[in-house]
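K.L.:
This one is upload-v4.txt, compact mmCIF, C-alpha atoms.
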# COMPACT_ATOMS: atom_id res chain seq x y z
CA MET F 1 66.46 -9.10 39.05
CA HIS F 2 64.30 -8.47 35.99
CA TYR F 3 61.85 -11.13 34.77
CA ASP F 4 59.39 -11.49 31.93
CA LEU F 5 56.45 -12.05 34.29
CA ILE F 6 55.82 -11.85 38.02
CA ILE F 7 52.67 -13.24 39.62
CA LYS F 8 52.39 -11.84 43.12
CA ASN F 9 50.24 -12.14 46.25
CA GLY F 10 48.45 -15.35 45.23
CA THR F 11 48.07 -18.68 46.99
CA ILE F 12 50.23 -21.31 45.31
CA VAL F 13 48.63 -24.76 45.31
CA THR F 14 50.61 -27.98 45.10
CA LYS F 15 49.64 -31.58 45.73
CA GLU F 16 50.99 -31.29 49.27
CA ALA F 17 50.19 -27.74 50.41
CA SER F 18 48.78 -24.26 49.77
CA PHE F 19 50.83 -21.19 50.69
CA GLN F 20 51.18 -17.48 49.96
CA SER F 21 53.98 -16.81 47.51
CA ASP F 22 55.06 -15.23 44.24
CA ILE F 23 56.16 -16.73 40.94
CA ALA F 24 58.77 -15.31 38.58
CA VAL F 25 58.98 -16.37 34.93
CA LYS F 26 61.72 -15.90 32.36
CA ASP F 27 62.04 -17.38 28.86
CA GLY F 28 58.91 -19.45 29.37
CA LYS F 29 60.19 -21.19 32.51
CA ILE F 30 59.49 -20.79 36.22
CA ILE F 31 62.58 -19.24 37.76
CA LYS F 32 61.36 -18.60 41.31
CA ASN F 33 58.36 -19.77 43.35
CA GLU F 34 58.97 -17.84 46.55
CA LYS F 35 58.42 -14.36 47.94
CA LEU F 36 60.34 -11.93 45.74
CA ASP F 37 62.35 -8.92 46.75
CA LYS F 38 60.83 -5.47 46.31
CA ALA F 39 63.67 -4.70 43.93
CA ASP F 40 62.60 -7.48 41.54
CA THR F 41 60.92 -6.17 38.38
CA ALA F 42 59.21 -7.67 35.33
CA CYS F 43 57.85 -6.73 31.93
CA GLU F 44 54.44 -7.71 33.29
CA VAL F 45 53.17 -8.05 36.84
CA TYR F 46 49.90 -9.84 37.66
CA ASP F 47 48.37 -9.31 41.09
CA ALA F 48 46.73 -12.59 42.14
CA GLU F 49 45.60 -11.43 45.56
CA GLY F 50 42.64 -13.53 46.73
CA LYS F 51 43.20 -16.08 43.98
CA HIS F 52 44.79 -19.53 43.78
CA ILE F 53 47.72 -20.30 41.49
CA LEU F 54 47.57 -23.86 40.13
CA PRO F 55 49.98 -25.77 37.91
CA GLY F 56 48.59 -25.58 34.39
CA ILE F 57 45.61 -27.91 34.09
CA ILE F 58 46.06 -30.74 31.57
CA ASP F 59 43.09 -32.25 29.75
CA ALA F 60 44.53 -35.53 28.53
CA HIS F 61 41.40 -36.74 26.74
CA VAL F 62 39.75 -34.58 24.09
CA HIS F 63 38.26 -35.11 20.64
CA PHE F 64 38.83 -31.96 18.59
CA ARG F 65 37.51 -33.71 15.45
CA ASP F 66 40.30 -32.37 13.27
CA PRO F 67 40.78 -33.50 10.52
CA GLY F 68 37.66 -34.87 8.89
CA LEU F 69 34.88 -33.86 11.27
CA THR F 70 35.52 -30.14 11.51
CA GLU F 71 31.86 -29.21 11.25
CA LYS F 72 31.70 -30.39 14.89
CA GLU F 73 34.99 -28.91 16.17
CA ASP F 74 38.50 -28.07 15.04
CA PHE F 75 41.79 -27.25 16.70
CA GLU F 76 41.09 -23.53 16.72
CA THR F 77 37.65 -23.63 18.36
CA GLY F 78 38.52 -26.56 20.62
CA SER F 79 41.74 -24.98 21.87
CA ILE F 80 40.07 -21.61 22.43
CA ALA F 81 37.46 -23.39 24.55
CA ALA F 82 40.30 -25.11 26.41
CA VAL F 83 42.25 -21.99 27.33
CA MET F 84 39.07 -20.07 28.18
CA GLY F 85 38.39 -22.91 30.61
CA GLY F 86 41.82 -22.77 32.26
CA ILE F 87 43.42 -25.64 30.31
CA THR F 88 47.06 -25.22 29.30
CA MET F 89 47.61 -28.53 27.48
CA ILE F 90 45.33 -31.01 25.74
CA ALA F 91 45.82 -34.54 24.39
CA ASP F 92 43.75 -35.33 21.30
CA MET F 93 42.37 -38.75 20.43
CA PRO F 94 42.97 -40.55 17.11
CA ASN F 95 39.40 -41.34 15.96
CA VAL F 96 39.29 -38.62 13.34
CA ILE F 97 39.07 -39.02 9.54
CA PRO F 98 41.42 -40.50 8.56
CA VAL F 99 42.37 -42.11 11.87
CA THR F 100 45.75 -41.11 13.31
CA SER F 101 47.49 -44.44 12.71
CA THR F 102 50.49 -43.65 10.50
CA VAL F 103 53.42 -41.25 10.68
CA GLU F 104 52.13 -39.44 7.60
CA ARG F 105 48.73 -38.83 9.20
CA PHE F 106 50.34 -37.87 12.50
CA ASN F 107 52.47 -35.25 10.77
CA GLU F 108 49.49 -33.87 8.86
CA LYS F 109 47.57 -33.51 12.12
CA LEU F 110 50.63 -31.83 13.63
CA ARG F 111 50.68 -29.30 10.77
CA ILE F 112 47.00 -28.50 11.37
CA ALA F 113 47.40 -28.11 15.13
CA LYS F 114 50.48 -25.88 14.81
CA GLU F 115 48.50 -23.52 12.59
CA LYS F 116 45.33 -23.46 14.70
CA SER F 117 45.94 -24.29 18.35
CA TYR F 118 46.03 -21.82 21.24
CA ALA F 119 46.93 -24.54 23.79
CA ASP F 120 49.95 -26.84 23.90
CA PHE F 121 48.89 -30.20 22.53
CA ALA F 122 49.73 -33.88 22.33
CA PHE F 123 48.39 -36.68 20.14
CA PHE F 124 47.42 -40.26 20.76
CA ALA F 125 47.96 -42.67 17.86
CA LEU F 126 45.61 -45.55 17.11
CA LEU F 127 46.51 -49.21 17.29
CA ASN F 128 44.84 -51.22 14.51
CA ASN F 129 45.47 -54.32 12.44
CA GLU F 130 47.41 -52.46 9.76
CA ASN F 131 49.94 -50.30 11.58
CA THR F 132 52.30 -52.51 13.62
CA HIS F 133 55.17 -51.42 11.38
CA GLU F 134 54.34 -47.75 12.13
CA LEU F 135 54.68 -47.93 15.92
CA GLU F 136 58.34 -46.95 16.21
CA GLY F 137 57.91 -44.14 13.72
CA LEU F 138 54.88 -42.79 15.59
CA ARG F 139 56.77 -42.89 18.87
CA ALA F 140 59.67 -41.05 17.29
CA ALA F 141 57.29 -38.50 15.73
CA GLY F 142 56.12 -37.60 19.23
CA ALA F 143 53.01 -39.66 19.99
CA LEU F 144 51.99 -39.22 23.62
CA GLY F 145 50.64 -42.77 23.74
CA PHE F 146 48.59 -45.29 21.81
CA LYS F 147 44.83 -45.87 21.94
CA VAL F 148 42.84 -49.09 21.69
CA PHE F 149 39.06 -49.19 21.38
CA LEU F 150 38.10 -52.53 22.93
CA GLY F 151 34.47 -51.53 22.35
CA THR F 152 33.34 -49.39 19.43
CA SER F 153 32.52 -45.73 19.98
CA THR F 154 32.52 -42.70 17.66
CA GLY F 155 34.02 -43.88 14.38
CA GLU F 156 33.14 -47.55 14.95
CA ILE F 157 36.84 -48.42 15.24
CA ALA F 158 37.58 -52.01 16.13
CA ALA F 159 40.43 -53.23 18.30
CA PRO F 160 43.32 -55.05 16.61
CA ASP F 161 43.02 -58.82 16.40
CA MET F 162 44.37 -60.56 19.48
CA PRO F 163 47.73 -61.75 18.04
CA VAL F 164 48.34 -58.32 16.52
CA LEU F 165 47.55 -56.49 19.76
CA ILE F 166 49.83 -58.80 21.75
CA GLN F 167 52.71 -58.04 19.40
CA GLN F 168 51.97 -54.30 19.51
CA MET F 169 51.81 -54.24 23.30
CA GLU F 170 55.12 -56.10 23.54
CA THR F 171 56.64 -53.46 21.27
CA CYS F 172 55.21 -50.68 23.45
CA ALA F 173 56.51 -52.41 26.57
CA SER F 174 60.01 -52.34 25.11
CA SER F 175 59.86 -48.62 24.35
CA GLY F 176 58.07 -47.63 27.57
CA ILE F 177 55.18 -45.85 25.85
CA ARG F 178 51.76 -46.25 27.52
CA ILE F 179 48.61 -47.62 25.86
CA GLY F 180 45.19 -46.20 26.69
CA PHE F 181 42.08 -48.40 26.51
CA HIS F 182 38.47 -47.50 25.83
CA CYS F 183 36.99 -50.30 27.89
CA GLU F 184 33.67 -51.61 26.64
CA THR F 185 32.64 -54.95 25.14
CA SER F 186 30.86 -54.55 21.80
CA ASP F 187 28.93 -57.85 21.80
CA ILE F 188 27.44 -57.11 25.21
CA ASN F 189 26.60 -53.56 24.15
CA SER F 190 24.89 -54.69 20.93
CA PHE F 191 22.79 -57.32 22.69
CA ASN F 192 21.70 -55.07 25.54
CA THR F 193 21.05 -52.08 23.30
CA SER F 194 18.68 -54.11 21.14
CA ILE F 195 16.69 -55.02 24.25
CA CYS F 196 16.65 -51.48 25.65
CA LYS F 197 15.50 -49.96 22.37
CA ASN F 198 12.33 -52.02 22.62
CA VAL F 199 11.52 -50.60 26.05
CA ILE F 200 9.19 -47.62 26.03
CA ALA F 201 10.64 -45.14 28.51
CA ALA F 202 9.40 -41.79 29.68
CA GLY F 203 11.31 -38.90 31.17
CA ASN F 204 14.45 -39.60 33.15
CA GLU F 205 14.06 -43.36 32.88
CA LYS F 206 15.84 -42.96 29.54
CA GLY F 207 19.04 -42.35 31.52
CA ILE F 208 18.72 -45.75 33.17
CA LEU F 209 18.14 -47.37 29.78
CA LEU F 210 21.26 -45.74 28.33
CA SER F 211 23.28 -47.23 31.19
CA GLU F 212 21.68 -50.66 30.84
CA ALA F 213 22.24 -50.63 27.06
CA ARG F 214 26.00 -50.56 27.74
CA PRO F 215 26.06 -52.12 31.21
CA VAL F 216 28.72 -52.11 33.92
CA PHE F 217 29.44 -55.73 32.94
CA SER F 218 30.56 -54.47 29.53
CA GLU F 219 33.10 -52.12 31.11
CA ALA F 220 34.27 -54.60 33.75
CA LEU F 221 34.95 -57.38 31.23
CA ALA F 222 36.90 -55.02 28.98
CA ILE F 223 39.01 -53.74 31.89
CA GLN F 224 39.83 -57.31 32.86
CA THR F 225 40.81 -58.00 29.25
CA ALA F 226 43.11 -54.97 29.11
CA VAL F 227 44.66 -55.90 32.44
CA CYS F 228 45.29 -59.45 31.24
CA TYR F 229 47.05 -58.16 28.12
CA ALA F 230 49.17 -55.87 30.29
CA HIS F 231 50.08 -58.68 32.70
CA TYR F 232 51.43 -60.96 29.99
CA THR F 233 53.05 -58.33 27.76
CA LYS F 234 54.43 -56.14 30.60
CA ALA F 235 53.07 -53.05 28.83
CA LYS F 236 51.99 -49.93 30.73
CA ILE F 237 48.28 -49.30 30.24
CA HIS F 238 45.75 -46.60 31.07
CA ILE F 239 42.01 -47.11 31.53
CA HIS F 240 40.18 -44.13 30.07
CA HIS F 241 36.91 -42.73 31.48
CA ILE F 242 36.07 -45.29 34.19
CA THR F 243 32.34 -44.99 34.93
CA SER F 244 31.73 -47.53 37.68
CA LEU F 245 32.86 -48.63 41.11
CA ASP F 246 33.36 -52.11 39.62
CA GLY F 247 35.81 -50.74 37.08
CA ALA F 248 37.75 -48.83 39.72
CA ILE F 249 38.00 -51.91 41.93
CA LEU F 250 39.29 -54.07 39.06
CA ALA F 251 41.96 -51.49 38.20
CA ALA F 252 43.00 -51.25 41.86
CA GLU F 253 43.28 -55.03 42.17
CA ALA F 254 45.49 -55.14 39.08
CA ARG F 255 47.73 -52.41 40.43
CA ASN F 256 48.05 -54.25 43.73
CA LYS F 257 49.37 -57.21 41.74
CA GLY F 258 52.12 -55.06 40.26
CA ILE F 259 50.51 -54.43 36.86
CA ALA F 260 51.30 -50.98 35.47
CA VAL F 261 47.77 -49.58 35.14
CA SER F 262 46.71 -45.96 35.55
CA THR F 263 43.12 -44.73 35.73
CA GLU F 264 40.92 -41.83 34.68
CA THR F 265 37.37 -40.63 35.15
CA CYS F 266 35.46 -37.57 33.94
CA PRO F 267 33.40 -34.81 35.57
CA HIS F 268 30.12 -36.01 34.05
CA TYR F 269 30.45 -39.36 35.86
CA LEU F 270 31.06 -37.50 39.12
CA VAL F 271 28.24 -34.96 38.81
CA PHE F 272 25.38 -36.71 37.00
CA ASP F 273 23.55 -39.97 37.65
CA ALA F 274 21.36 -42.01 35.34
CA GLU F 275 18.28 -41.79 37.55
CA LYS F 276 18.09 -38.02 37.18
CA HIS F 277 19.89 -37.10 33.97
CA VAL F 278 19.74 -38.07 30.30
CA HIS F 279 23.07 -37.26 28.68
CA LYS F 280 24.25 -39.70 26.02
CA VAL F 281 27.94 -40.53 26.19
CA TYR F 282 30.01 -43.71 25.75
CA PRO F 283 30.61 -45.33 28.13
CA PRO F 284 27.39 -44.14 29.78
CA ILE F 285 26.64 -42.26 32.96
CA ARG F 286 25.77 -44.71 35.77
CA THR F 287 23.53 -44.73 38.82
CA GLU F 288 24.14 -42.68 41.96
CA SER F 289 25.81 -45.61 43.73
CA HIS F 290 28.52 -45.73 41.06
CA LYS F 291 28.90 -41.94 41.11
CA ASN F 292 29.47 -42.07 44.85
CA GLY F 293 31.81 -45.03 44.40
CA LEU F 294 33.96 -43.03 42.00
CA TRP F 295 34.32 -40.22 44.54
CA GLU F 296 35.44 -42.80 47.10
CA ALA F 297 37.90 -44.23 44.57
CA ILE F 298 39.34 -40.74 44.08
CA LYS F 299 39.72 -40.21 47.83
CA LYS F 300 41.51 -43.56 48.15
CA GLY F 301 43.87 -42.86 45.25
CA VAL F 302 42.36 -45.55 43.03
CA ILE F 303 41.41 -43.01 40.35
CA ASP F 304 44.58 -41.19 39.30
CA MET F 305 43.36 -38.40 37.07
CA ILE F 306 40.42 -36.49 35.65
CA ALA F 307 39.90 -35.60 31.98
CA SER F 308 36.94 -34.14 30.11
CA ASP F 309 36.52 -36.60 27.20
CA HIS F 310 35.37 -33.51 25.29
CA ALA F 311 33.43 -35.01 22.37
CA PRO F 312 31.35 -32.37 20.56
CA HIS F 313 28.52 -32.92 18.12
CA LEU F 314 26.28 -30.46 16.32
CA ALA F 315 23.46 -28.99 18.39
CA ALA F 316 20.93 -30.38 15.90
CA GLU F 317 22.39 -33.87 16.38
CA LYS F 318 22.21 -33.62 20.18
CA ALA F 319 18.51 -32.68 19.88
CA LEU F 320 17.57 -35.96 18.16
CA PRO F 321 15.55 -38.73 19.91
CA VAL F 322 17.60 -40.56 22.53
CA TRP F 323 18.53 -43.63 20.46
CA GLU F 324 19.53 -41.47 17.48
CA VAL F 325 21.67 -38.97 19.40
CA PRO F 326 25.40 -39.38 18.77
CA ALA F 327 27.30 -40.16 21.96
CA GLY F 328 29.58 -37.51 23.37
CA LEU F 329 29.51 -34.38 25.53
CA CYS F 330 31.31 -31.05 25.39
CA GLY F 331 33.48 -30.59 28.45
CA VAL F 332 36.88 -29.00 27.85
CA GLU F 333 35.76 -25.47 28.78
CA THR F 334 33.62 -26.52 31.75
CA MET F 335 35.88 -29.17 33.32
CA VAL F 336 37.79 -26.80 35.59
CA PRO F 337 34.81 -24.77 36.87
CA VAL F 338 32.73 -27.91 37.47
CA MET F 339 35.53 -29.44 39.52
CA LEU F 340 36.21 -26.19 41.39
CA ASN F 341 32.53 -26.18 42.30
CA GLU F 342 32.89 -29.71 43.68
CA ILE F 343 35.88 -28.54 45.72
CA ASN F 344 33.69 -25.79 47.17
CA ASN F 345 31.07 -28.47 47.86
CA GLY F 346 33.63 -30.38 49.93
CA LYS F 347 34.06 -33.40 47.64
CA ILE F 348 37.85 -33.06 47.45
CA SER F 349 40.49 -30.52 48.43
CA ILE F 350 42.09 -28.14 45.96
CA ASN F 351 45.39 -29.94 46.62
CA GLU F 352 43.87 -33.26 45.61
CA TYR F 353 42.53 -31.58 42.50
CA VAL F 354 46.02 -30.40 41.52
CA SER F 355 47.17 -34.01 41.71
CA LEU F 356 44.23 -35.25 39.62
CA SER F 357 44.37 -32.60 36.91
CA SER F 358 47.97 -31.41 36.69
CA GLU F 359 50.60 -33.62 38.28
CA ALA F 360 49.11 -37.08 37.63
CA PRO F 361 48.33 -36.54 33.92
CA ALA F 362 51.85 -35.20 33.38
CA LYS F 363 53.44 -38.16 35.16
CA ILE F 364 51.19 -40.82 33.60
CA TRP F 365 51.86 -39.59 30.06
CA GLY F 366 55.56 -38.93 30.55
CA VAL F 367 55.70 -35.11 30.32
CA TYR F 368 56.65 -34.47 33.96
CA PRO F 369 58.60 -32.44 35.17
CA GLN F 370 58.25 -30.25 32.07
CA LYS F 371 54.51 -29.97 32.74
CA GLY F 372 52.17 -30.46 35.69
CA ASN F 373 53.97 -28.54 38.45
CA LEU F 374 55.17 -25.13 39.59
CA ASN F 375 58.75 -26.14 40.35
CA CYS F 376 61.70 -24.06 39.18
CA GLY F 377 62.71 -25.14 35.69
CA ALA F 378 59.24 -26.32 34.66
CA ASP F 379 57.32 -24.74 31.80
CA ALA F 380 55.48 -21.69 33.15
CA ASP F 381 52.06 -23.25 32.58
CA ILE F 382 49.76 -21.71 35.17
CA THR F 383 46.02 -21.72 35.80
CA ILE F 384 44.84 -18.94 38.12
CA VAL F 385 41.41 -19.48 39.67
CA ASP F 386 38.96 -17.48 41.74
CA MET F 387 37.30 -19.88 44.14
CA ASN F 388 34.66 -17.29 45.10
CA LEU F 389 33.49 -16.26 41.64
CA LYS F 390 29.88 -17.34 41.04
CA ARG F 391 27.86 -17.54 37.84
CA LYS F 392 25.83 -19.93 35.71
CA ILE F 393 27.29 -21.98 32.89
CA LYS F 394 25.60 -20.88 29.67
CA SER F 395 25.90 -23.09 26.60
CA ASP F 396 25.57 -20.18 24.19
CA ALA F 397 28.50 -18.39 25.88
CA LEU F 398 30.92 -21.31 25.41
CA HIS F 399 33.57 -21.33 22.70
CA SER F 400 33.26 -24.84 21.27
CA LYS F 401 31.83 -24.95 17.76
CA SER F 402 29.06 -27.15 19.15
CA ARG F 403 27.77 -24.65 21.77
CA THR F 404 26.11 -27.47 23.73
CA SER F 405 26.75 -28.45 27.34
CA PRO F 406 25.25 -30.93 29.81
CA TYR F 407 25.99 -28.27 32.47
CA ASP F 408 23.84 -25.58 30.86
CA GLU F 409 22.23 -23.33 33.52
CA MET F 410 24.19 -24.99 36.35
CA ASP F 411 25.15 -22.63 39.17
CA ILE F 412 28.90 -22.76 39.72
CA GLN F 413 31.24 -21.30 42.31
CA GLY F 414 34.86 -21.24 41.21
CA PHE F 415 36.19 -20.22 37.78
CA PRO F 416 39.55 -19.84 36.07
CA VAL F 417 40.47 -16.20 35.57
CA ALA F 418 43.81 -16.55 33.79
CA THR F 419 45.54 -19.19 31.66
CA ILE F 420 49.29 -18.91 31.10
CA ILE F 421 51.20 -21.18 28.71
CA ARG F 422 54.99 -21.12 28.85
CA GLY F 423 54.91 -17.67 30.40
CA VAL F 424 52.38 -16.10 28.00
CA PHE F 425 48.82 -15.16 28.96
CA VAL F 426 46.39 -16.82 26.56
CA MET F 427 43.36 -15.92 28.69
CA LYS F 428 43.19 -13.08 31.20
CA ASP F 429 40.12 -12.01 33.15
CA GLY F 430 37.81 -13.89 30.80
CA VAL F 431 39.29 -12.44 27.60
CA LEU F 432 41.19 -14.44 24.99
CA THR F 433 44.64 -12.87 24.78
CA GLY F 434 46.70 -15.60 23.13
CA GLN F 435 47.83 -16.00 19.56
CA LYS F 436 47.78 -18.94 17.22
CA GLY F 437 51.26 -20.26 16.53
CA HIS F 438 52.56 -20.09 20.12
CA ALA F 439 51.37 -23.61 20.94
CA LYS F 440 53.60 -26.62 20.39
CA LEU F 441 53.58 -30.41 20.38
CA ILE F 442 54.41 -31.97 23.75
CA SER F 443 55.90 -35.46 23.65
CA PRO F 444 56.83 -37.93 26.40
CA ALA F 445 60.41 -38.20 27.57
CA LEU F 446 60.98 -41.91 26.97
Here is the file; what I need is its structure written in the form of structure tokens.

P.N.:
Amino acid sequence: MHYDLIIKNGTIVTKEASFQSDIAVKDGKIIKNEKLDKADTACEVYDAEGKHILPGIIDAHVHFRDPGLTEKEDFETGSIAAVMGGITMIADMPNVIPVTSTVERFNEKLRIAKEKSYADFAFFALLNNENTHELEGLRAAGALGFKVFLGTSTGEIAAPDMPVLIQQMETCASSGIRIGFHCETSDINSFNTSICKNVIAAGNEKGILLSEARPVFSEALAIQTAVCYAHYTKAKIHIHHITSLDGAILAAEARNKGIAVSTETCPHYLVFDAEKHVHKVYPPIRTESHKNGLWEAIKKGVIDMIASDHAPHLAAEKALPVWEVPAGLCGVETMVPVMLNEINNGKISINEYVSLSSEAPAKIWGVYPQKGNLNCGADADITIVDMNLKRKIKSDALHSKSRTSPYDEMDIQGFPVATIIRGVFVMKDGVLTGQKGHAKLISPAL
């Protein structure tokens, strides 16, 4: 049989197992995932000997700053960084200018992304006091989910008033669409930050102050609040970027009570700790005990997925004094190699990683089985990685407009070497090969 693409001799990785096999692709779909006959041919054959074939990695939490903040990033530069880092699909957050809270703004953002993006994409829409009447239209337009900022972050966006949010969550419960929560408590953050700013700190102690300025208590209280809303409205919720063992435990307790809550953390919370590193991000990086607690939560299945929370700022902004630095870290291009390095360090298995970064995001956000797997009939989204490839991460070699990275000069073993989206190579052997215009909006099947 003749196919569009054959990937041969690689090790296919699923959540359950790793095994030698081939993959055949036709019309953008996986047709076979087994050893092929010698008579089978294709327009293109890729020899993946010595490499691992993963379901396309999904980064379900990025800020591409488009529209309104495009001096920091846009869909072209952000999506190039994504595919160069092995990402096949991204989900962009709504705190842009203007915020993505109406069907009109959603469609304008869709027009921009279609013109610029190299990676398949999805959009979160914001919940605020003014857009309850827009919810059904946004769902129909293709919103992946809704986003609530319980504590203010970039954009200083407030959560809807309590009666409004209750009504909105009941509406979302009826339609089945999931709501993601940024879980911090603004009053606690403001009070603690004012205290911490008056403390003179030297060196790495600034990392501890950043954590204490927005303490674990702030996250824990917000998670409990989100869980309480979910319990009484029956809405499905997602806790973005959990930073602490406390937060993971609260989410697990809620799930054990039958509340529909899914969970996420980010590589920077798993790699850095506040005692040794000063990287400003909201919510902040915690102490080593919380970092270790998050790894345990992953091993126990309490943390469902990993996302980058890619949030670029200008290099000049990131060089400001610690209390003036805008919060946010670049991560979409480095997420896969950093996690592959942790696999090589024995933190998790490559099969567990496939669950965290492909299958779980697709299932949580309702795009499985189209995405997140290598089953026959799925989109041929494939990330091919070389677990033995070693090099340093270099900020000036990255493709984000920001060109900053908390991982600068870090030695890494394990890098993506090819990114395939719906059967088309968009990155091969470290070279951008894709074209703008191939990417498309991915919406949940509700």

K.L.:
Please provide as number ranges by chain all residues within 12 Å of F:Asp273, with the sequence filter that same-chain residues fewer than 2 positions apart are discarded (counting all atoms listed in the file).

P.N.:
F: 204-208, 210-211, 243-244, 267-271, 275-280, 284-294

K.L.:
I'd like a table as a Markdown table: residues in stretch 112-205 of chain F with an atom no more than 10 Å from stretch 404-423 of chain F, each row giving the shortest atom pair and its distance in Å to one decimal, all atoms listed in the file counted, sorted by chain and rising residue number.

P.N.:
| residue | atom | partner | partner_atom | distance |
| --- | --- | --- | --- | --- |
| F:Tyr118 | CA | F:Ile421 | CA | 9.1 |
| F:Ala119 | CA | F:Ile421 | CA | 7.3 |
| F:Asp120 | CA | F:Ile421 | CA | 7.5 |

K.L.:
If you measure from atom CA of F:Leu127 to atom CA of F:Leu446, what distance in Å do you get, rounded to one decimal?

P.N.:
18.9 Å

K.L.:
One decimal, in Å: what's the spacing between atom CA of F:Asp74 and atom CA of F:Lys114?

P.N.:
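These atoms are spaced 12.2 Å apart.
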
K.L.:
With 12 Å as the threshold, what does the neighbourhood of (42.3, -42.1, 45.5) contain in terms of residues, counting only C-alpha atoms? Coordinates are those of the file; answer as a list in words.

P.N.:
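The residues that fall inside the cut-off are Ala248, Ile249, Ala251, Ala252, Ser262, Thr263, Glu264, Thr265, Gly293, Leu294, Trp295, Glu296, Ala297, Ile298, Lys299, Lys300, Gly301, Val302, Ile303, Asp304, Met305, Ile306, Ile348, Glu352, Tyr353, Ser355, Leu356 and Ala360 of chain F.
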
K.L.:
How would you write as a PyMOL selection string the residues that get within 12 Å of (44.5, -31.0, 44.2) in the file's frame, counting all atoms listed in the file?

P.N.:
chain F and resi 12-18+52-57+298-299+301+304-306+336+339-340+342-343+347-360+372-373

K.L.:
What is the distance between atom CA of F:Glu115 and atom CA of F:Ala439, in Å to one decimal?

P.N.:
8.8 Å

K.L.:
Tell me which protein, DNA and RNA residues are within 12 Å of F:Ile112, counting all atoms listed in the file, leaving out same-chain ones fewer than 2 positions away, and put them as a count of residues only.

P.N.:
26

K.L.:
Would you please work out which residue, of F:Ser400, F:Asn198, F:Gln435, F:Gln168, is nearest to F:Gly78 when using all atoms listed in the file?

P.N.:
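Closest to F:Gly78, using all atoms listed in the file: F:Ser400.
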
K.L.:
Starting from 8 Å padding per side, set up an axis-aligned box that covers all listed atoms of stretch 219-238 of chain F and hand over centre and edge lengths in Å, one decimal, as lines of an AutoDock Vina configuration file.

P.N.:
center_x = 43.8
center_y = -53.8
center_z = 30.8
size_x = 37.3
size_y = 30.4
size_z = 22.0

K.L.:
Taking into account only C-alpha atoms, which residue in the set F:Leu374, F:Leu69, F:Met162, F:Ile30 is nearest to F:Val96?

P.N.:
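Among the listed residues, the smallest separation from F:Val96 belongs to F:Leu69.
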
K.L.:
So, counting all atoms listed in the file, which residue among F:Glu130, F:Asp92, F:Glu317, F:Asp161 is closest to F:Leu144?

P.N.:
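That would be F:Asp92, the residue with the smallest distance to F:Leu144.
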
K.L.:
Extract, using all atoms listed in the file, all DNA, RNA and protein residues at most 7 Å from F:Gly151, discarding same-chain residues fewer than 3 positions from it, and format them as a list of chain:residue names.

P.N.:
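Those residues are F:Ala158, F:His182, F:Cys183, F:Glu184, F:Thr185, F:Ser186.
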
K.L.:
Which is closest to F:Glu253 among F:Gln224, F:Gly430, F:Ile23, F:Lys236, if we use all atoms listed in the file?

P.N.:
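Among the listed residues, F:Gln224 lies closest to F:Glu253.
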
K.L.:
When you count only C-alpha atoms, which of these residues is closest to F:Asn375: F:Gln20, F:Thr100, F:Asn33, F:Thr11?

P.N.:
F:Asn33

K.L.:
Determine the nearest neighbour of F:Gly180 from the options F:Ile237, F:Pro369, F:Ser79, F:Asp27, counting all atoms listed in the file.

P.N.:
F:Ile237

K.L.:
Just the residues within 9 Å of F:Lys318, please, counting only C-alpha atoms, with nothing from its chain fewer than 5 positions along; format it as a list in words.

P.N.:
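Counting only C-alpha atoms, the residues come to Lys280, His313, Glu324, Val325, Pro326, Ala327, Gly328 and Thr404 of chain F.
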